[in-house]
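Text of protein.csv, listed as CSV, C-alpha atoms and all ligand atoms:
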```csv
chain,number,residue,atom,x,y,z
V,1,MET,CA,129.3,32.7,1.0
V,2,PHE,CA,129.9,32.8,4.8
V,3,ASP,CA,127.8,32.4,7.9
V,4,VAL,CA,127.2,35.5,10.1
V,5,ILE,CA,127.3,35.0,13.8
V,6,ARG,CA,125.9,37.7,16.1
V,7,ILE,CA,128.0,38.5,19.2
V,8,PRO,CA,126.2,40.7,21.6
V,9,ALA,CA,128.5,43.2,23.4
V,10,PHE,CA,128.2,45.9,26.0
V,11,LYS,CA,124.6,47.0,26.5
V,12,ASP,CA,123.3,47.0,23.0
V,13,ASN,CA,126.1,46.5,20.5
V,14,TYR,CA,126.4,43.7,18.0
V,15,ILE,CA,129.8,42.5,16.8
V,16,TRP,CA,129.4,40.5,13.6
V,17,LEU,CA,131.6,37.4,13.1
V,18,LEU,CA,131.8,36.0,9.6
V,19,ARG,CA,132.7,32.3,9.4
V,20,LYS,CA,133.8,30.2,6.4
V,21,GLY,CA,135.4,26.9,7.1
V,22,ALA,CA,137.8,27.4,9.9
V,23,ALA,CA,138.4,31.1,9.1
V,24,ALA,CA,136.7,34.0,10.7
V,25,ALA,CA,136.4,37.7,10.1
V,26,VAL,CA,134.9,40.1,12.6
V,27,VAL,CA,133.3,43.5,12.1
V,28,ASP,CA,133.7,46.3,14.7
V,29,PRO,CA,135.1,44.3,17.7
V,30,GLY,CA,134.5,46.8,20.5
V,31,ASP,CA,135.3,44.1,23.0
V,32,ALA,CA,137.8,41.2,22.4
V,33,ARG,CA,136.5,38.8,25.2
V,34,PRO,CA,133.2,37.7,23.6
V,35,VAL,CA,134.9,37.4,20.2
V,36,LEU,CA,137.7,35.2,21.6
V,37,GLU,CA,135.0,33.0,23.3
V,38,VAL,CA,133.2,32.5,20.0
V,39,LEU,CA,136.4,31.8,18.1
V,40,ASP,CA,137.3,29.2,20.7
V,41,GLN,CA,133.8,27.7,20.8
V,42,TYR,CA,133.7,27.1,17.0
V,43,GLY,CA,137.5,26.4,16.6
V,44,LEU,CA,138.0,29.3,14.3
V,45,SER,CA,141.1,31.3,13.4
V,46,LEU,CA,140.7,35.1,13.0
V,47,THR,CA,142.2,36.3,9.8
V,48,THR,CA,140.5,39.6,9.2
V,49,ILE,CA,139.1,42.6,11.2
V,50,LEU,CA,136.9,45.2,9.5
V,51,VAL,CA,136.4,48.5,11.4
V,52,THR,CA,133.8,51.0,10.4
V,53,HIS,CA,134.8,54.0,12.6
V,54,HIS,CA,136.9,55.0,15.5
V,55,HIS,CA,134.4,55.0,18.4
V,56,ALA,CA,135.6,52.7,21.3
V,57,ASP,CA,132.6,50.4,21.1
V,58,HIS,CA,133.6,49.5,17.6
V,59,GLN,CA,137.4,49.1,17.8
V,60,GLY,CA,138.3,48.8,21.5
V,61,GLY,CA,139.0,45.0,21.2
V,62,VAL,CA,141.3,45.2,18.2
V,63,SER,CA,144.6,45.3,20.0
V,64,ARG,CA,143.7,42.3,22.2
V,65,LEU,CA,142.5,40.3,19.3
V,66,LEU,CA,145.8,41.0,17.5
V,67,ALA,CA,147.7,39.7,20.5
V,68,HIS,CA,146.0,36.3,19.9
V,69,TYR,CA,145.8,36.3,16.0
V,70,PRO,CA,147.9,37.9,13.4
V,71,ALA,CA,144.9,39.3,11.6
V,72,GLU,CA,144.8,42.0,8.9
V,73,VAL,CA,142.9,45.1,10.0
V,74,PHE,CA,140.9,47.2,7.5
V,75,GLY,CA,139.6,50.6,8.6
V,76,PRO,CA,139.3,54.3,7.8
V,77,ALA,CA,142.7,55.8,6.9
V,78,THR,CA,141.7,59.2,8.3
V,79,GLU,CA,140.6,58.1,11.8
V,80,SER,CA,142.7,57.3,14.8
V,81,ILE,CA,142.5,53.5,15.2
V,82,SER,CA,145.5,51.5,16.4
V,83,GLY,CA,146.4,48.3,14.5
V,84,ILE,CA,145.1,49.2,11.0
V,85,THR,CA,147.2,47.4,8.4
V,86,ARG,CA,144.9,48.1,5.4
V,87,PRO,CA,143.9,51.8,5.6
V,88,LEU,CA,140.9,52.6,3.4
V,89,ALA,CA,139.4,55.8,2.0
V,90,GLY,CA,136.2,54.4,0.6
V,91,GLY,CA,135.6,53.5,-3.1
V,92,GLU,CA,137.9,50.4,-2.9
V,93,THR,CA,136.9,46.8,-3.7
V,94,ILE,CA,138.8,44.6,-1.2
V,95,ARG,CA,139.7,41.0,-1.0
V,96,THR,CA,140.5,39.7,2.4
V,97,ALA,CA,142.5,36.8,3.8
V,98,PHE,CA,139.1,35.5,5.2
V,99,CYS,CA,137.4,34.2,2.0
V,100,ASP,CA,136.9,34.8,-1.7
V,101,VAL,CA,134.1,37.3,-1.3
V,102,GLU,CA,134.9,40.8,-2.5
V,103,PHE,CA,133.7,43.7,-0.4
V,104,GLN,CA,133.0,47.1,-1.7
V,105,VAL,CA,134.1,49.8,0.7
V,106,LEU,CA,131.7,52.8,0.9
V,107,ALA,CA,132.7,56.1,2.4
V,108,VAL,CA,129.6,57.1,4.5
V,109,PRO,CA,130.6,60.3,6.5
V,110,GLY,CA,128.1,61.7,8.9
V,111,HIS,CA,128.3,59.9,12.3
V,112,THR,CA,132.1,60.3,12.0
V,113,LEU,CA,134.0,61.8,9.1
V,114,GLY,CA,135.9,58.7,8.1
V,115,HIS,CA,133.0,56.2,8.6
V,116,LEU,CA,133.1,53.3,6.2
V,117,ALA,CA,130.5,50.6,5.3
V,118,TYR,CA,131.4,47.2,3.8
V,119,TYR,CA,129.2,45.6,1.2
V,120,GLY,CA,129.6,42.0,-0.1
V,121,ALA,CA,127.7,38.8,-0.6
V,122,ASP,CA,124.3,40.7,-0.3
V,123,CYS,CA,125.4,41.8,3.2
V,124,LEU,CA,126.0,45.4,4.4
V,125,PHE,CA,128.0,46.1,7.5
V,126,CYS,CA,127.2,49.7,8.2
V,127,GLY,CA,128.3,50.4,11.8
V,128,ASP,CA,126.5,53.4,13.2
V,129,THR,CA,125.4,55.0,9.9
V,130,LEU,CA,122.2,53.2,9.0
V,131,PHE,CA,120.3,51.5,11.9
V,132,ALA,CA,117.2,49.4,11.7
V,133,GLY,CA,114.5,52.0,11.8
V,134,GLY,CA,117.0,54.9,12.3
V,135,CYS,CA,120.4,56.3,11.7
V,136,GLY,CA,123.5,57.4,13.7
V,137,ARG,CA,123.8,60.7,15.4
V,138,LEU,CA,125.8,63.5,13.6
V,139,PHE,CA,128.9,63.6,15.8
V,140,GLU,CA,131.3,64.9,13.2
V,141,GLY,CA,129.7,65.3,9.8
V,142,SER,CA,126.9,67.5,8.4
V,143,ALA,CA,123.3,66.6,7.7
V,144,ALA,CA,124.1,66.9,4.0
V,145,GLN,CA,126.9,64.4,4.3
V,146,MET,CA,124.8,61.9,6.3
V,147,ALA,CA,121.8,62.3,4.0
V,148,ASP,CA,124.1,61.6,1.0
V,149,SER,CA,125.6,58.6,2.8
V,150,LEU,CA,122.2,57.1,3.6
V,151,ALA,CA,121.0,57.7,0.0
V,152,ARG,CA,123.9,55.7,-1.3
V,153,LEU,CA,123.1,52.8,1.1
V,154,ALA,CA,119.4,53.0,0.1
V,155,ALA,CA,120.4,52.5,-3.5
V,156,LEU,CA,121.8,49.0,-2.8
V,157,PRO,CA,119.5,46.1,-3.8
V,158,GLY,CA,116.4,45.7,-1.6
V,159,GLU,CA,117.4,42.2,-0.5
V,160,THR,CA,120.7,43.4,1.0
V,161,ALA,CA,120.8,42.3,4.6
V,162,VAL,CA,121.6,45.3,6.9
V,163,TYR,CA,123.9,44.4,9.7
V,164,CYS,CA,124.1,47.5,11.9
V,165,ALA,CA,126.1,47.7,15.1
V,166,HIS,CA,123.4,48.4,17.7
V,167,GLU,CA,120.0,47.0,18.8
V,168,TYR,CA,118.2,50.4,18.8
V,169,THR,CA,115.3,49.3,16.6
V,170,GLU,CA,112.4,49.6,19.1
V,171,ALA,CA,113.2,53.1,20.2
V,172,ASN,CA,114.0,54.1,16.6
V,173,LEU,CA,110.5,52.9,15.5
V,174,ARG,CA,108.8,54.7,18.3
V,175,PHE,CA,110.2,57.9,16.7
V,176,ALA,CA,109.4,56.7,13.2
V,177,LEU,CA,105.8,56.3,14.2
V,178,ALA,CA,105.7,59.8,15.6
V,179,VAL,CA,106.9,61.1,12.2
V,180,GLU,CA,104.7,58.9,10.0
V,181,PRO,CA,101.7,57.5,11.9
V,182,GLY,CA,99.9,56.7,8.7
V,183,ASN,CA,102.6,54.3,7.3
V,184,ARG,CA,101.0,50.8,7.3
V,185,ARG,CA,104.4,49.0,6.6
V,186,LEU,CA,105.8,50.9,9.6
V,187,GLN,CA,102.8,50.0,11.8
V,188,SER,CA,103.3,46.3,11.1
V,189,ARG,CA,107.0,46.6,11.6
V,190,VAL,CA,106.4,48.2,15.0
V,191,ASN,CA,104.2,45.3,16.0
V,192,GLU,CA,106.7,42.6,14.8
V,193,VAL,CA,109.6,44.3,16.6
V,194,ALA,CA,107.6,44.6,19.8
V,195,VAL,CA,106.9,40.9,19.7
V,196,ALA,CA,110.5,40.0,19.0
V,197,ARG,CA,111.9,42.3,21.7
V,198,ALA,CA,109.4,41.0,24.3
V,199,LYS,CA,110.9,37.6,23.7
V,200,GLY,CA,114.5,39.0,23.8
V,201,TRP,CA,115.0,38.3,20.1
V,202,PRO,CA,117.3,40.5,18.0
V,203,THR,CA,115.8,42.7,15.2
V,204,VAL,CA,119.0,43.0,13.2
V,205,PRO,CA,119.7,42.3,10.4
V,206,SER,CA,116.9,44.0,8.5
V,207,THR,CA,117.0,44.6,4.7
V,208,ILE,CA,117.4,47.7,2.6
V,209,ALA,CA,113.8,47.1,1.3
V,210,ILE,CA,112.4,47.1,4.9
V,211,GLU,CA,114.4,50.3,5.7
V,212,LYS,CA,113.2,52.1,2.6
V,213,ALA,CA,109.6,51.3,3.5
V,214,SER,CA,109.7,52.3,7.2
V,215,ASN,CA,112.9,54.2,8.2
V,216,PRO,CA,112.0,57.9,8.2
V,217,PHE,CA,115.7,58.9,7.6
V,218,LEU,CA,115.5,57.2,4.2
V,219,ARG,CA,112.1,58.8,3.4
V,220,SER,CA,112.7,62.5,3.4
V,221,ALA,CA,111.0,62.7,0.0
V,222,GLU,CA,107.8,61.2,1.2
V,223,PRO,CA,105.0,63.8,1.6
V,224,GLU,CA,104.0,62.7,5.1
V,225,VAL,CA,107.6,62.7,6.3
V,226,ALA,CA,108.4,66.1,4.8
V,227,ALA,CA,105.2,67.5,6.3
V,228,ALA,CA,106.0,66.2,9.8
V,229,ALA,CA,109.5,67.7,9.5
V,230,ARG,CA,108.0,71.1,8.4
V,231,ARG,CA,105.8,71.1,11.5
V,232,ARG,CA,109.2,71.3,13.5
V,233,VAL,CA,111.2,73.4,11.0
V,234,ALA,CA,109.0,75.5,8.8
V,235,ASP,CA,111.5,76.2,6.1
V,236,ALA,CA,112.7,72.6,5.7
V,237,HIS,CA,112.1,72.7,1.9
V,238,ASP,CA,114.5,70.2,0.4
V,239,ASP,CA,115.4,66.6,1.3
V,240,VAL,CA,118.5,67.5,3.2
V,241,ALA,CA,116.7,70.1,5.3
V,242,VAL,CA,113.9,67.6,6.0
V,243,PHE,CA,116.6,65.1,7.0
V,244,ALA,CA,118.3,67.6,9.2
V,245,ALA,CA,115.0,68.5,10.9
V,246,LEU,CA,114.2,64.8,11.5
V,247,ARG,CA,117.7,64.2,12.9
V,248,ALA,CA,117.5,67.2,15.3
V,249,TRP,CA,113.9,66.1,16.4
V,250,LYS,CA,115.1,62.5,17.1
V,251,ASP,CA,118.1,63.9,19.2
V,252,GLY,CA,115.6,65.3,21.7
V,253,PHE,CA,112.9,62.6,21.3
P,301,ZN,ZN,129.7,55.2,16.9
P,302,FE,FE,128.4,52.6,18.3
```
Could you render the structure as structure tokens?
Ligand code: ZN
Ligand code: FE
Amino acid sequence: MFDVIRIPAFKDNYIWLLRKGAAAAVVDPGDARPVLEVLDQYGLSLTTILVTHHHADHQGGVSRLLAHYPAEVFGPATESISGITRPLAGGETIRTAFCDVEFQVLAVPGHTLGHLAYYGADCLFCGDTLFAGGCGRLFEGSAAQMADSLARLAALPGETAVYCAHEYTEANLRFALAVEPGNRRLQSRVNEVAVARAKGWPTVPSTIAIEKASNPFLRSAEPEVAAAARRRVADAHDDVAVFAALRAWKDGF
């Protein structure tokens, strides 16, 4: 196994640095500077970069990191990301120079069309697809694609730690509560997250079990969620239509 070190970046991004011995891997380095500082601080050598999608806040630091370390770079083959040495389509199981842990690569289109998630050692690095309490916006893919991507993430074991790329949880849960005010697990999560954020603490990682219990975007099949969606879009009759109605509602929330 490896340690996971949280590196805050920009306004609300998290860059995840994995550490095993003196080796490090980093997920979605949008900015090189804070990553280089942590590598120096712990005396680590960067062997591996994992990129989930092409947005600048997830890959903007890759070139500068490569100027310091000859790391291998995994990322979506179909997206324009400079420095990728190991292009992926999704469906692969990869071994990295970082450590023995194998990662499964999942194609999770929706936020972007080539978006990938990396799953290994009970950890899921899912970029901007699944968030704590929410999900990414549909910039490139369809609601059907995103709903399918989220359903496959929801099928991972409940104890899987969900390392998403942004601290959006508090706002996400405000929306979740508007959708599903009667959900007790959601109510207690709202309270826990409010306490944590008031102290400046992070709310990521969560787990797949927590998300399935309280994230409306994984709960389209729940009667209260579907009913709330149908108050916005009367003919939202299947899970994908419910998901689409929720996503559109959240966009303007
Ligand atoms: Zn993004
Ligand atoms: Fe992002």
Residues up to 8 Å from ligand ZN 301 (chain P), counting all atoms listed in the file: could you list those as a PDB file with C-alpha atoms, in the coordinates of the input?
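The file below, pocket-v8.pdb, is the result:
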```
ATOM      1  CA  HIS V  53     134.800  54.000  12.600  1.00  0.00           C
ATOM      2  CA  HIS V  54     136.900  55.000  15.500  1.00  0.00           C
ATOM      3  CA  HIS V  55     134.400  55.000  18.400  1.00  0.00           C
ATOM      4  CA  ALA V  56     135.600  52.700  21.300  1.00  0.00           C
ATOM      5  CA  ASP V  57     132.600  50.400  21.100  1.00  0.00           C
ATOM      6  CA  HIS V  58     133.600  49.500  17.600  1.00  0.00           C
ATOM      7  CA  HIS V 111     128.300  59.900  12.300  1.00  0.00           C
ATOM      8  CA  THR V 112     132.100  60.300  12.000  1.00  0.00           C
ATOM      9  CA  GLY V 127     128.300  50.400  11.800  1.00  0.00           C
ATOM     10  CA  ASP V 128     126.500  53.400  13.200  1.00  0.00           C
ATOM     11  CA  GLY V 136     123.500  57.400  13.700  1.00  0.00           C
TER      12      GLY V 136
END
```
Within 9 Å of region 138-148 of chain V, counting only C-alpha atoms, which residues qualify if same-chain residues fewer than 5 places away don't, as a list in words?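 These residues fall inside the cut-off: Val108, Pro109, Gly110, His111, Thr112, Leu113, Thr129, Leu153, Phe217, Leu218, Asp239, Val240, Ala241, Phe243, Ala244 and Arg247 of chain V.
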For Gly114 (chain V), find every residue with an atom within 7 Å (counting only C-alpha atoms), except residues of its own chain fewer than 6 positions away, and show them as a ChimeraX atom specification. /V:53,76,78-79
For Gly91 (chain V): contacts at 7 Å, all atoms listed in the file, fewer than 3 positions along chain excluded, given as a ChimeraX atom specification: /V:105-107
Closest to ligand FE 302 (chain P) among V:Cys99, V:Leu18, V:Cys135, V:Ile49, using all atoms listed in the file?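 Looking at the shortest contact to ligand FE 302 (chain P), the residue is V:Cys135.
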Can you pull out every residue within 12 Å of Leu65 (chain V), counting all atoms listed in the file, but drop anything in the same chain fewer than 6 positions away, and send it as a list of chain:residue names? V:Ala25, V:Val26, V:Asp28, V:Pro29, V:Gly30, V:Asp31, V:Ala32, V:Arg33, V:Pro34, V:Val35, V:Leu36, V:Glu37, V:Leu39, V:Ser45, V:Leu46, V:Thr47, V:Thr48, V:Ile49, V:Gln59, V:Ala71, V:Glu72, V:Val73, V:Ser82, V:Gly83
May I ask which of the residues V:Thr52, V:Ser220, V:Asn215, V:Thr160 is the closest one to ligand FE 302 (chain P), counting only C-alpha atoms and all ligand atoms? V:Thr52
Taking all atoms listed in the file into account, name the residue in V:Trp201, V:Phe103, V:Tyr69, V:Phe131 that is nearest to ligand FE 302 (chain P).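 For ligand FE 302 (chain P), the nearest of the given residues is V:Phe131.
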Residue with smallest distance to ligand FE 302 (chain P) - pool V:Phe98, V:Tyr119, V:Phe175, V:Tyr168, counting only C-alpha atoms and all ligand atoms: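 Nearest candidate to ligand FE 302 (chain P) out of V:Phe98, V:Tyr119, V:Phe175, V:Tyr168: V:Tyr168.
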Find the distance between CA of Ala154 (chain V) and CA of Asp235 (chain V) and write it in Å to one decimal. 25.2 Å
Of the candidates V:Ile84, V:Ala221, V:Ala89, V:Ala121, which shows the shortest atom-to-atom distance to Val101 (chain V), using only C-alpha atoms?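 With only C-alpha atoms as the atom set, the closest residue is V:Ala121.
Counting all atoms listed in the file and comparing V:Glu222, V:Glu192, V:Asp238, V:Glu167, the residue that lies closest to Pro205 (chain V) is V:Glu167.
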Expressed in Å, the length from CA of His166 (chain V) to CA of Asp12 (chain V) is 5.5 Å
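Take CA of Thr207 (chain V) and CA of Phe74 (chain V): the distance between them is 24.2 Å.
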At a cut-off of 10 Å from (133.2, 29.8, 4.7) in the coordinates of the file, what residues are picked up using all atoms listed in the file, written as a ChimeraX atom specification? /V:1-4,18-24,98-101
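With distances taken from (113.6, 72.0, 17.1) and restricted to all atoms listed in the file, the residues inside 12 Å are Ala229, Arg230, Arg231, Arg232, Val233, Ala234, Asp235, Ala236, Val242, Ala244, Ala245, Leu246, Arg247, Ala248, Trp249, Lys250, Asp251, Gly252 and Phe253 of chain V.
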Once N, CA and C atoms are restored for region 195-226 of chain V, what would the output be as a compact mmCIF listing (two decimals), in the coordinates of the input?
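The resulting file, selection31.txt, is shown below:
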```
# COMPACT_ATOMS: atom_id res chain seq x y z
N VAL V 195 106.97 42.31 19.42
CA VAL V 195 106.90 40.90 19.70
C VAL V 195 108.27 40.29 19.90
N ALA V 196 109.16 40.59 18.95
CA ALA V 196 110.50 40.00 19.00
C ALA V 196 111.25 40.49 20.27
N ARG V 197 111.16 41.77 20.58
CA ARG V 197 111.90 42.30 21.70
C ARG V 197 111.34 41.77 23.05
N ALA V 198 110.02 41.57 23.10
CA ALA V 198 109.40 41.00 24.30
C ALA V 198 109.96 39.62 24.60
N LYS V 199 110.35 38.93 23.53
CA LYS V 199 110.90 37.60 23.70
C LYS V 199 112.44 37.64 23.80
N GLY V 200 113.01 38.84 23.76
CA GLY V 200 114.50 39.00 23.80
C GLY V 200 115.17 38.65 22.53
N TRP V 201 114.43 38.61 21.44
CA TRP V 201 115.00 38.30 20.10
C TRP V 201 115.64 39.54 19.51
N PRO V 202 116.69 39.33 18.68
CA PRO V 202 117.30 40.50 18.00
C PRO V 202 116.36 40.90 16.80
N THR V 203 116.52 42.15 16.39
CA THR V 203 115.80 42.70 15.20
C THR V 203 116.69 43.02 14.08
N VAL V 204 117.94 42.70 14.23
CA VAL V 204 119.00 43.00 13.20
C VAL V 204 119.47 41.58 12.75
N PRO V 205 119.71 41.32 11.47
CA PRO V 205 119.70 42.30 10.40
C PRO V 205 118.24 42.54 9.87
N SER V 206 118.08 43.71 9.27
CA SER V 206 116.90 44.00 8.50
C SER V 206 117.32 43.94 7.01
N THR V 207 116.56 44.54 6.14
CA THR V 207 117.00 44.60 4.70
C THR V 207 116.84 46.06 4.25
N ILE V 208 117.50 46.35 3.16
CA ILE V 208 117.40 47.70 2.60
C ILE V 208 115.89 47.94 2.19
N ALA V 209 115.19 46.93 1.69
CA ALA V 209 113.80 47.10 1.30
C ALA V 209 112.93 47.50 2.53
N ILE V 210 113.15 46.82 3.65
CA ILE V 210 112.40 47.10 4.90
C ILE V 210 112.74 48.57 5.32
N GLU V 211 114.00 48.92 5.28
CA GLU V 211 114.40 50.30 5.70
C GLU V 211 113.77 51.34 4.81
N LYS V 212 113.79 51.10 3.50
CA LYS V 212 113.20 52.10 2.60
C LYS V 212 111.71 52.28 2.84
N ALA V 213 111.06 51.21 3.30
CA ALA V 213 109.60 51.30 3.50
C ALA V 213 109.24 51.90 4.86
N SER V 214 110.16 51.91 5.83
CA SER V 214 109.70 52.30 7.20
C SER V 214 110.72 53.13 7.98
N ASN V 215 111.88 53.40 7.45
CA ASN V 215 112.90 54.20 8.20
C ASN V 215 112.75 55.65 7.76
N PRO V 216 112.31 56.56 8.63
CA PRO V 216 112.00 57.90 8.20
C PRO V 216 113.28 58.62 7.62
N PHE V 217 114.47 58.19 8.06
CA PHE V 217 115.70 58.90 7.60
C PHE V 217 116.03 58.49 6.16
N LEU V 218 115.34 57.51 5.59
CA LEU V 218 115.50 57.20 4.20
C LEU V 218 114.28 57.70 3.38
N ARG V 219 113.41 58.45 4.04
CA ARG V 219 112.10 58.80 3.40
C ARG V 219 111.81 60.28 3.45
N SER V 220 112.88 61.07 3.39
CA SER V 220 112.70 62.50 3.40
C SER V 220 111.82 63.02 2.24
N ALA V 221 111.80 62.28 1.15
CA ALA V 221 111.00 62.70 0.00
C ALA V 221 109.56 62.36 0.07
N GLU V 222 109.17 61.56 1.07
CA GLU V 222 107.80 61.20 1.20
C GLU V 222 106.96 62.36 1.77
N PRO V 223 105.80 62.66 1.20
CA PRO V 223 105.00 63.80 1.60
C PRO V 223 104.73 63.83 3.14
N GLU V 224 104.33 62.69 3.70
CA GLU V 224 104.00 62.70 5.10
C GLU V 224 105.21 62.96 6.00
N VAL V 225 106.37 62.46 5.57
CA VAL V 225 107.60 62.70 6.30
C VAL V 225 108.02 64.15 6.24
N ALA V 226 107.98 64.68 5.02
CA ALA V 226 108.40 66.10 4.80
C ALA V 226 107.41 67.01 5.61
```
